[in-house]
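*Asks:* So here's data.csv, just CSV, C-alpha atoms and all ligand atoms:
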```csv
chain,number,residue,atom,x,y,z
A,1228,GLU,CA,6.6,-16.0,-24.2
A,1229,ILE,CA,10.0,-16.1,-22.5
A,1230,HIS,CA,13.2,-15.5,-24.5
A,1231,SER,CA,16.8,-15.9,-23.6
A,1232,SER,CA,17.5,-12.2,-24.2
A,1233,ALA,CA,15.9,-8.9,-25.2
A,1234,LYS,CA,17.5,-9.2,-28.6
A,1235,GLU,CA,16.0,-12.7,-29.2
A,1236,GLY,CA,12.6,-11.5,-28.1
A,1237,SER,CA,12.7,-8.4,-30.2
A,1238,LYS,CA,13.7,-10.5,-33.3
A,1239,ALA,CA,10.7,-12.7,-32.8
A,1240,ILE,CA,8.3,-9.7,-32.7
A,1241,ALA,CA,10.0,-8.2,-35.7
A,1242,GLN,CA,9.4,-11.4,-37.6
A,1243,GLU,CA,5.7,-11.3,-36.7
A,1244,ILE,CA,5.4,-7.7,-37.7
A,1245,ALA,CA,7.3,-8.3,-41.0
A,1246,ALA,CA,5.0,-11.3,-41.8
A,1247,LEU,CA,1.9,-9.2,-41.4
A,1248,ILE,CA,3.3,-6.3,-43.4
A,1249,ARG,CA,4.2,-8.7,-46.3
A,1250,GLU,CA,0.9,-10.5,-46.1
A,1251,ARG,CA,-0.9,-7.2,-46.4
A,1252,GLN,CA,1.4,-6.1,-49.3
A,1253,ALA,CA,0.5,-9.2,-51.2
A,1254,ALA,CA,-3.2,-8.4,-50.8
A,1255,ASN,CA,-2.5,-4.7,-51.6
A,1256,GLN,CA,-3.7,-3.6,-48.2
A,1257,LYS,CA,-2.4,-1.3,-45.4
A,1258,CYS,CA,-0.9,-2.6,-42.2
A,1259,VAL,CA,-1.6,-0.4,-39.1
A,1260,LEU,CA,0.9,-0.5,-36.3
A,1261,GLY,CA,0.6,1.0,-32.8
A,1262,LEU,CA,4.1,2.0,-31.7
A,1263,ALA,CA,5.8,2.6,-28.4
A,1264,THR,CA,8.9,4.5,-27.2
A,1265,GLY,CA,11.2,4.1,-24.2
A,1266,SER,CA,14.3,1.9,-24.0
A,1267,THR,CA,12.3,-1.4,-24.4
A,1268,PRO,CA,11.4,-1.2,-28.2
A,1269,LYS,CA,14.9,0.0,-29.3
A,1270,TYR,CA,16.0,-3.5,-30.3
A,1271,LEU,CA,12.8,-4.1,-32.1
A,1272,TYR,CA,13.2,-1.0,-34.2
A,1273,ALA,CA,16.8,-1.8,-34.9
A,1274,GLU,CA,15.8,-5.2,-36.2
A,1275,LEU,CA,13.0,-3.7,-38.4
A,1276,VAL,CA,15.5,-1.3,-39.9
A,1277,ARG,CA,17.9,-4.3,-40.5
A,1278,LEU,CA,15.0,-6.2,-42.2
A,1279,HIS,CA,14.4,-3.1,-44.4
A,1280,LYS,CA,18.0,-2.6,-45.4
A,1281,GLU,CA,19.2,-6.2,-45.7
A,1282,GLU,CA,16.0,-8.1,-46.6
A,1283,GLY,CA,14.1,-5.5,-48.5
A,1284,LEU,CA,11.2,-5.2,-46.1
A,1285,SER,CA,9.2,-2.2,-47.3
A,1286,PHE,CA,7.1,0.0,-45.0
A,1287,LYS,CA,5.2,1.8,-47.8
A,1288,ASN,CA,1.9,0.2,-46.8
A,1289,VAL,CA,2.4,0.8,-43.1
A,1290,ILE,CA,0.4,3.4,-41.2
A,1291,SER,CA,1.6,4.0,-37.6
A,1292,PHE,CA,0.1,5.6,-34.5
A,1293,ASN,CA,2.3,6.2,-31.5
A,1294,LEU,CA,1.1,5.8,-28.0
A,1295,ASP,CA,2.1,9.0,-26.3
A,1296,GLU,CA,4.2,12.2,-26.1
A,1297,TYR,CA,5.2,14.5,-23.3
A,1298,TYR,CA,3.3,17.7,-22.9
A,1299,PRO,CA,4.3,20.3,-23.6
A,1300,ILE,CA,7.3,19.5,-25.7
A,1301,GLU,CA,8.8,20.6,-29.0
A,1302,PRO,CA,9.0,17.7,-31.6
A,1303,ASP,CA,12.7,18.3,-32.0
A,1304,ALA,CA,13.5,18.3,-28.3
A,1305,LEU,CA,16.0,15.6,-27.2
A,1306,GLN,CA,13.4,13.9,-25.1
A,1307,SER,CA,10.5,14.2,-27.6
A,1308,TYR,CA,8.9,10.9,-28.6
A,1309,ASN,CA,8.4,12.4,-32.1
A,1310,ARG,CA,12.2,12.8,-32.3
A,1311,PHE,CA,12.8,9.3,-30.9
A,1312,MET,CA,10.6,7.7,-33.6
A,1313,LYS,CA,12.5,9.5,-36.4
A,1314,GLU,CA,15.9,8.6,-35.0
A,1315,HIS,CA,15.1,4.9,-34.3
A,1316,LEU,CA,12.7,4.0,-37.1
A,1317,PHE,CA,11.1,6.5,-39.5
A,1318,ASN,CA,14.3,8.1,-40.9
A,1319,HIS,CA,15.7,4.7,-41.7
A,1320,VAL,CA,12.8,3.0,-43.5
A,1321,ASP,CA,10.5,3.9,-46.5
A,1322,ILE,CA,7.4,4.6,-44.5
A,1323,PRO,CA,5.6,7.6,-46.1
A,1324,GLU,CA,5.9,10.6,-43.7
A,1325,GLY,CA,2.2,11.3,-43.9
A,1326,ASN,CA,1.5,7.8,-42.6
A,1327,CYS,CA,3.3,8.4,-39.3
A,1328,HIS,CA,1.3,9.7,-36.4
A,1329,VAL,CA,2.8,10.7,-33.1
A,1330,PRO,CA,0.8,12.9,-30.6
A,1331,ASP,CA,1.8,16.5,-31.0
A,1332,GLY,CA,3.2,18.0,-27.8
A,1333,THR,CA,2.7,21.6,-29.0
A,1334,ILE,CA,-1.1,21.7,-29.4
A,1335,PRO,CA,-2.5,24.6,-27.5
A,1336,LYS,CA,-4.2,23.4,-24.3
A,1337,GLU,CA,-7.7,24.5,-25.3
A,1338,GLN,CA,-7.5,22.4,-28.5
A,1339,ILE,CA,-6.2,19.2,-26.9
A,1340,LYS,CA,-9.6,17.6,-26.2
A,1341,LYS,CA,-10.5,18.0,-29.9
A,1342,TYR,CA,-7.1,16.9,-31.0
A,1343,CYS,CA,-7.3,13.7,-28.9
A,1344,GLU,CA,-10.7,12.9,-30.3
A,1345,GLU,CA,-9.4,13.3,-33.8
A,1346,TYR,CA,-6.4,11.0,-33.0
A,1347,ASP,CA,-8.8,8.2,-32.0
A,1348,ARG,CA,-11.0,8.9,-35.1
A,1349,ALA,CA,-7.9,8.7,-37.4
A,1350,ILE,CA,-7.0,5.3,-35.9
A,1351,GLU,CA,-10.6,4.1,-36.7
A,1352,ALA,CA,-10.5,5.6,-40.1
A,1353,ALA,CA,-7.3,3.7,-40.9
A,1354,GLY,CA,-9.1,0.5,-40.1
A,1355,GLY,CA,-8.0,0.1,-36.4
A,1356,ILE,CA,-4.6,-1.1,-35.1
A,1357,ASP,CA,-3.5,-4.5,-36.4
A,1358,ILE,CA,-0.6,-4.9,-33.9
A,1359,GLN,CA,-0.1,-2.7,-30.9
A,1360,ILE,CA,3.4,-2.7,-29.4
A,1361,LEU,CA,3.7,-1.9,-25.7
A,1362,GLY,CA,6.4,-1.5,-23.0
A,1363,ILE,CA,5.5,-1.4,-19.4
A,1364,GLY,CA,6.3,1.2,-16.7
A,1365,ASN,CA,7.5,0.3,-13.2
A,1366,ASN,CA,4.0,1.1,-11.9
A,1367,GLY,CA,2.3,-1.0,-14.6
A,1368,HIS,CA,1.6,2.0,-16.9
A,1369,ILE,CA,1.0,1.3,-20.6
A,1370,GLY,CA,1.6,4.3,-22.9
A,1371,PHE,CA,1.3,6.9,-20.2
A,1372,ASN,CA,-1.9,5.4,-18.7
A,1373,GLU,CA,-1.1,5.7,-15.0
A,1374,PRO,CA,-2.7,3.6,-12.3
A,1375,GLY,CA,-6.4,4.5,-12.0
A,1376,SER,CA,-6.8,4.9,-15.8
A,1377,ASN,CA,-10.2,3.6,-16.9
A,1378,ILE,CA,-10.4,0.5,-19.1
A,1379,ASN,CA,-12.5,2.5,-21.5
A,1380,SER,CA,-10.3,5.6,-21.5
A,1381,HIS,CA,-9.6,7.3,-24.8
A,1382,THR,CA,-6.7,9.4,-26.0
A,1383,ARG,CA,-6.3,12.3,-23.6
A,1384,LEU,CA,-4.1,14.6,-21.6
A,1385,ILE,CA,-2.9,12.9,-18.4
A,1386,THR,CA,-0.9,14.0,-15.3
A,1387,LEU,CA,2.2,11.9,-14.9
A,1388,ASP,CA,2.8,10.1,-11.6
A,1389,ASN,CA,5.7,11.3,-9.6
A,1390,SER,CA,7.2,7.8,-9.8
A,1391,THR,CA,7.0,8.0,-13.6
A,1392,ARG,CA,8.7,11.4,-13.7
A,1393,LEU,CA,11.4,10.1,-11.5
A,1394,ALA,CA,11.9,6.9,-13.6
A,1395,ASN,CA,12.2,9.1,-16.8
A,1396,ALA,CA,14.2,11.9,-15.2
A,1397,TYR,CA,17.4,10.4,-16.6
A,1398,GLU,CA,16.4,11.7,-20.1
A,1399,PHE,CA,16.3,15.3,-18.8
A,1400,PRO,CA,18.9,17.7,-17.4
A,1401,ASN,CA,17.1,17.5,-14.0
A,1402,MET,CA,13.8,16.4,-12.4
A,1403,SER,CA,12.2,19.9,-12.5
A,1404,GLN,CA,12.4,19.8,-16.3
A,1405,VAL,CA,10.5,16.5,-16.7
A,1406,PRO,CA,7.0,17.5,-18.0
A,1407,ARG,CA,4.1,17.0,-15.6
A,1408,LEU,CA,1.7,16.1,-18.3
A,1409,ALA,CA,1.5,13.9,-21.4
A,1410,ILE,CA,-0.8,13.0,-24.2
A,1411,THR,CA,-1.5,9.3,-24.2
A,1412,MET,CA,-3.7,6.9,-26.1
A,1413,GLY,CA,-6.2,5.5,-23.6
A,1414,ILE,CA,-6.6,1.9,-22.4
A,1415,GLY,CA,-9.8,1.7,-24.4
A,1416,SER,CA,-7.9,2.8,-27.5
A,1417,ILE,CA,-5.3,0.1,-26.8
A,1418,MET,CA,-7.9,-2.6,-26.1
A,1419,LYS,CA,-9.4,-2.0,-29.5
A,1420,ALA,CA,-6.2,-3.2,-31.2
A,1421,LYS,CA,-6.6,-6.6,-32.9
A,1422,ARG,CA,-3.4,-7.9,-31.3
A,1423,VAL,CA,-1.3,-6.6,-28.4
A,1424,LEU,CA,2.3,-7.4,-27.9
A,1425,LEU,CA,3.8,-6.2,-24.6
A,1426,MET,CA,7.6,-6.4,-24.2
A,1427,ALA,CA,9.6,-6.3,-20.9
A,1428,TRP,CA,13.3,-6.9,-20.5
A,1429,GLY,CA,15.4,-7.0,-17.3
A,1430,SER,CA,15.1,-7.9,-13.7
A,1431,HIS,CA,13.7,-4.5,-12.8
A,1432,LYS,CA,10.6,-5.4,-14.7
A,1433,ALA,CA,10.1,-8.8,-13.0
A,1434,LYS,CA,7.8,-7.6,-10.2
A,1435,ILE,CA,5.5,-5.6,-12.3
A,1436,VAL,CA,5.3,-8.3,-15.0
A,1437,CYS,CA,4.3,-10.8,-12.3
A,1438,ARG,CA,1.6,-8.4,-10.9
A,1439,SER,CA,0.3,-7.8,-14.4
A,1440,VAL,CA,0.1,-11.5,-15.5
A,1441,GLU,CA,-0.7,-13.3,-12.2
A,1442,GLY,CA,-2.4,-10.6,-10.2
A,1443,HIS,CA,-6.0,-9.5,-10.4
A,1444,SER,CA,-7.0,-7.5,-13.4
A,1445,THR,CA,-7.3,-4.0,-11.9
A,1446,ASP,CA,-7.0,-0.4,-13.0
A,1447,GLN,CA,-4.4,0.0,-10.2
A,1448,VAL,CA,-2.0,-2.0,-12.5
A,1449,PRO,CA,-3.0,-0.8,-16.0
A,1450,ALA,CA,-1.1,-3.6,-17.8
A,1451,SER,CA,-3.2,-6.2,-15.8
A,1452,LEU,CA,-6.2,-4.9,-17.7
A,1453,LEU,CA,-4.7,-6.6,-20.8
A,1454,GLN,CA,-5.8,-9.9,-19.2
A,1455,GLN,CA,-9.2,-8.9,-20.7
A,1456,HIS,CA,-7.9,-8.5,-24.2
A,1457,PRO,CA,-8.7,-11.5,-26.5
A,1458,ASN,CA,-5.3,-11.5,-28.3
A,1459,CYS,CA,-2.5,-10.3,-26.1
A,1460,LYS,CA,0.9,-11.7,-25.6
A,1461,PHE,CA,3.7,-10.7,-23.2
A,1462,ILE,CA,7.2,-11.2,-24.7
A,1463,ILE,CA,9.8,-11.1,-22.0
A,1464,ASP,CA,13.3,-12.2,-21.3
A,1465,GLU,CA,14.4,-14.6,-18.5
A,1466,GLN,CA,15.2,-11.8,-16.1
A,1467,ALA,CA,11.8,-10.2,-16.5
A,1468,ALA,CA,10.2,-13.7,-16.0
A,1469,ALA,CA,12.1,-14.3,-12.8
A,1470,GLU,CA,9.1,-13.8,-10.5
A,1471,LEU,CA,6.5,-15.8,-12.5
B,1501,LIG,C1,7.6,5.4,-20.6
B,1501,LIG,C2,6.6,5.3,-21.8
B,1501,LIG,C3,6.0,3.9,-21.9
B,1501,LIG,C4,7.1,2.9,-21.7
B,1501,LIG,C5,7.6,3.0,-20.3
B,1501,LIG,C6,8.8,2.1,-20.0
B,1501,LIG,O1,7.2,6.3,-19.7
B,1501,LIG,N1,5.6,6.3,-21.9
B,1501,LIG,O2,5.4,3.8,-23.2
B,1501,LIG,O3,6.6,1.6,-22.0
B,1501,LIG,O4,7.7,4.3,-19.8
B,1501,LIG,O5,9.9,2.7,-20.4
B,1501,LIG,P1,11.2,1.8,-20.7
B,1501,LIG,O6,10.9,1.1,-22.0
B,1501,LIG,O7,12.3,2.8,-20.9
B,1501,LIG,O8,11.5,0.9,-19.5
```
Is it possible to express this structure as structure tokens?
Ligand code: GLP
*Replies:*
Amino acid sequence: EIHSSAKEGSKAIAQEIAALIRERQAANQKCVLGLATGSTPKYLYAELVRLHKEEGLSFKNVISFNLDEYYPIEPDALQSYNRFMKEHLFNHVDIPEGNCHVPDGTIPKEQIKKYCEEYDRAIEAAGGIDIQILGIGNNGHIGFNEPGSNINSHTRLITLDNSTRLANAYEFPNMSQVPRLAITMGIGSIMKAKRVLLMAWGSHKAKIVCRSVEGHSTDQVPASLLQQHPNCKFIIDEQAAAEL
């Protein structure tokens, strides 16, 4: 789905999310959202906050699971995805705090495996993800699933590619401070979502969007594995669509 701008595309996704939240509210049911960070979803969260403040959209029945977090990192660090979510969404809407799940970058290493298994179990216990929001990295990563990630992978600790550390270095004082590890939901965890919406804005995403949509479905381009998802849509702007 190609939109004239990132803002227009984000508004369309916000409408889709709002419609599902309201539908579930009317039926007295929960709505489970899989959420992403990075610069890509900022307009979406701004629009959801606007819908809450100006149009009374309530998030009381929303349960959220975020894709990923650097490791190790303190939740209040400037670059923490826990902090990002509070600043861009959670602090501005009425979602109950206990409903918000973002991987914890402070878990002791020996407990991570168990922690990740519990994260996946919590998603299942909530009824599975209704809508999974994704951005896309320059190398095709989704969440922090770098090239080579298995299509059946679960939530786990992953080593970041150097290219990803370089791309995200602008968030940190210098490259050496970019964490080498991250906790990420797996591709398998993402593939279980009932609906997947991947967003990409700007000409720097054009090449990887083209490889993901028109290339072979391969674990070397993690986003291309979404070709195998039964209900996935890429929402992109004209610049990101330039090579299609
Ligand atoms: C980050 C995140 C991804 C995100 C991607 C793109 O590393 N882990 O979830 O989709 O890179 O980032 P941006 O949206 O800033 O282009």
*Asks:* Using 9 Å as the limit and counting all atoms listed in the file, can you tabulate each residue of chain A that touches ligand LIG 1501 (chain B), with its shortest atom-to-atom distance in Å and the two atoms involved, as a Markdown table?
*Replies:*
```
| residue | atom | partner | partner_atom | distance |
| --- | --- | --- | --- | --- |
| A:Leu1262 | CA | B:LIG1501 | O2 | 8.8 |
| A:Ala1263 | CA | B:LIG1501 | O2 | 5.4 |
| A:Thr1264 | CA | B:LIG1501 | O2 | 5.4 |
| A:Gly1265 | CA | B:LIG1501 | O7 | 3.7 |
| A:Ser1266 | CA | B:LIG1501 | O7 | 3.8 |
| A:Thr1267 | CA | B:LIG1501 | O6 | 3.7 |
| A:Pro1268 | CA | B:LIG1501 | O6 | 6.6 |
| A:Lys1269 | CA | B:LIG1501 | O6 | 8.4 |
| A:Leu1294 | CA | B:LIG1501 | O2 | 6.7 |
| A:Asp1295 | CA | B:LIG1501 | N1 | 6.2 |
| A:Glu1296 | CA | B:LIG1501 | N1 | 7.4 |
| A:Tyr1297 | CA | B:LIG1501 | N1 | 8.3 |
| A:Tyr1308 | CA | B:LIG1501 | N1 | 8.8 |
| A:Leu1361 | CA | B:LIG1501 | O3 | 5.9 |
| A:Gly1362 | CA | B:LIG1501 | O3 | 3.3 |
| A:Ile1363 | CA | B:LIG1501 | O3 | 4.1 |
| A:Gly1364 | CA | B:LIG1501 | C5 | 4.2 |
| A:Asn1365 | CA | B:LIG1501 | C6 | 7.2 |
| A:Gly1367 | CA | B:LIG1501 | C5 | 8.8 |
| A:His1368 | CA | B:LIG1501 | C3 | 6.9 |
| A:Ile1369 | CA | B:LIG1501 | O2 | 5.7 |
| A:Gly1370 | CA | B:LIG1501 | O2 | 3.8 |
| A:Phe1371 | CA | B:LIG1501 | N1 | 4.7 |
| A:Asn1372 | CA | B:LIG1501 | N1 | 8.2 |
| A:Leu1387 | CA | B:LIG1501 | O1 | 8.9 |
| A:Thr1391 | CA | B:LIG1501 | O1 | 6.3 |
| A:Arg1392 | CA | B:LIG1501 | O1 | 8.0 |
| A:Ala1394 | CA | B:LIG1501 | O1 | 7.7 |
| A:Asn1395 | CA | B:LIG1501 | O1 | 6.4 |
| A:Ala1409 | CA | B:LIG1501 | N1 | 8.6 |
| A:Thr1411 | CA | B:LIG1501 | N1 | 8.0 |
| A:Leu1425 | CA | B:LIG1501 | O3 | 8.7 |
| A:Met1426 | CA | B:LIG1501 | O3 | 8.4 |
| A:Ala1427 | CA | B:LIG1501 | O8 | 7.6 |
| A:Trp1428 | CA | B:LIG1501 | O8 | 8.1 |
| A:His1431 | CA | B:LIG1501 | O8 | 8.9 |
| A:Lys1432 | CA | B:LIG1501 | O8 | 8.0 |
```
*Asks:* Go through A:Val1320, A:Ala1353, A:Ala1254, A:Ile1385 and flag the residue nearest Tyr1298 of chain A, using only C-alpha atoms for the distances.
*Replies:* A:Ile1385
*Asks:* Quick check, in Å to one decimal: how far apart do atom CA of Glu1301 of chain A and atom CA of His1381 of chain A lie?
*Replies:* 23.1 Å
*Asks:* What lies within 8 Å of Gln1447 of chain A using all atoms listed in the file, ignoring chain neighbours under 3 positions off, as a PyMOL selection string?
*Replies:* chain A and resi 1374-1376
*Asks:* Between atom CA of Glu1398 of chain A and atom CA of Phe1311 of chain A, what is the distance in Å, rounded to a tenth?
*Replies:*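 Separating atom CA of Glu1398 of chain A from atom CA of Phe1311 of chain A is a distance of 11.6 Å.
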*Asks:* Hey, what's within 8 Å of segment 1468-1471 of chain A if we count only C-alpha atoms and toss same-chain stuff fewer than 4 positions away? As a PyMOL selection string, please?
*Replies:* chain A and resi 1229+1430+1433-1434+1436-1437+1441+1463-1464
*Asks:* Write the residues you've just listed into a file as a PDB file, in the frame of the given file, and include C-alpha atoms for each of them.
*Replies:*
```pdb
ATOM      1  CA  ILE A1229      10.000 -16.100 -22.500  1.00  0.00           C
ATOM      2  CA  SER A1430      15.100  -7.900 -13.700  1.00  0.00           C
ATOM      3  CA  ALA A1433      10.100  -8.800 -13.000  1.00  0.00           C
ATOM      4  CA  LYS A1434       7.800  -7.600 -10.200  1.00  0.00           C
ATOM      5  CA  VAL A1436       5.300  -8.300 -15.000  1.00  0.00           C
ATOM      6  CA  CYS A1437       4.300 -10.800 -12.300  1.00  0.00           C
ATOM      7  CA  GLU A1441      -0.700 -13.300 -12.200  1.00  0.00           C
ATOM      8  CA  ILE A1463       9.800 -11.100 -22.000  1.00  0.00           C
ATOM      9  CA  ASP A1464      13.300 -12.200 -21.300  1.00  0.00           C
TER      10      ASP A1464
END
```
*Asks:* Give me the residues near Cys1258 of chain A as JSON, numbers by chain, where near means some atom within 12 Å (using all atoms listed in the file) and where sequence neighbours in that chain fewer than 2 positions away do not count.
*Replies:* {"A": [1244, 1245, 1246, 1247, 1248, 1249, 1250, 1251, 1252, 1253, 1254, 1255, 1256, 1260, 1261, 1285, 1286, 1287, 1288, 1289, 1290, 1291, 1292, 1322, 1326, 1350, 1353, 1354, 1355, 1356, 1357, 1358, 1359, 1421]}
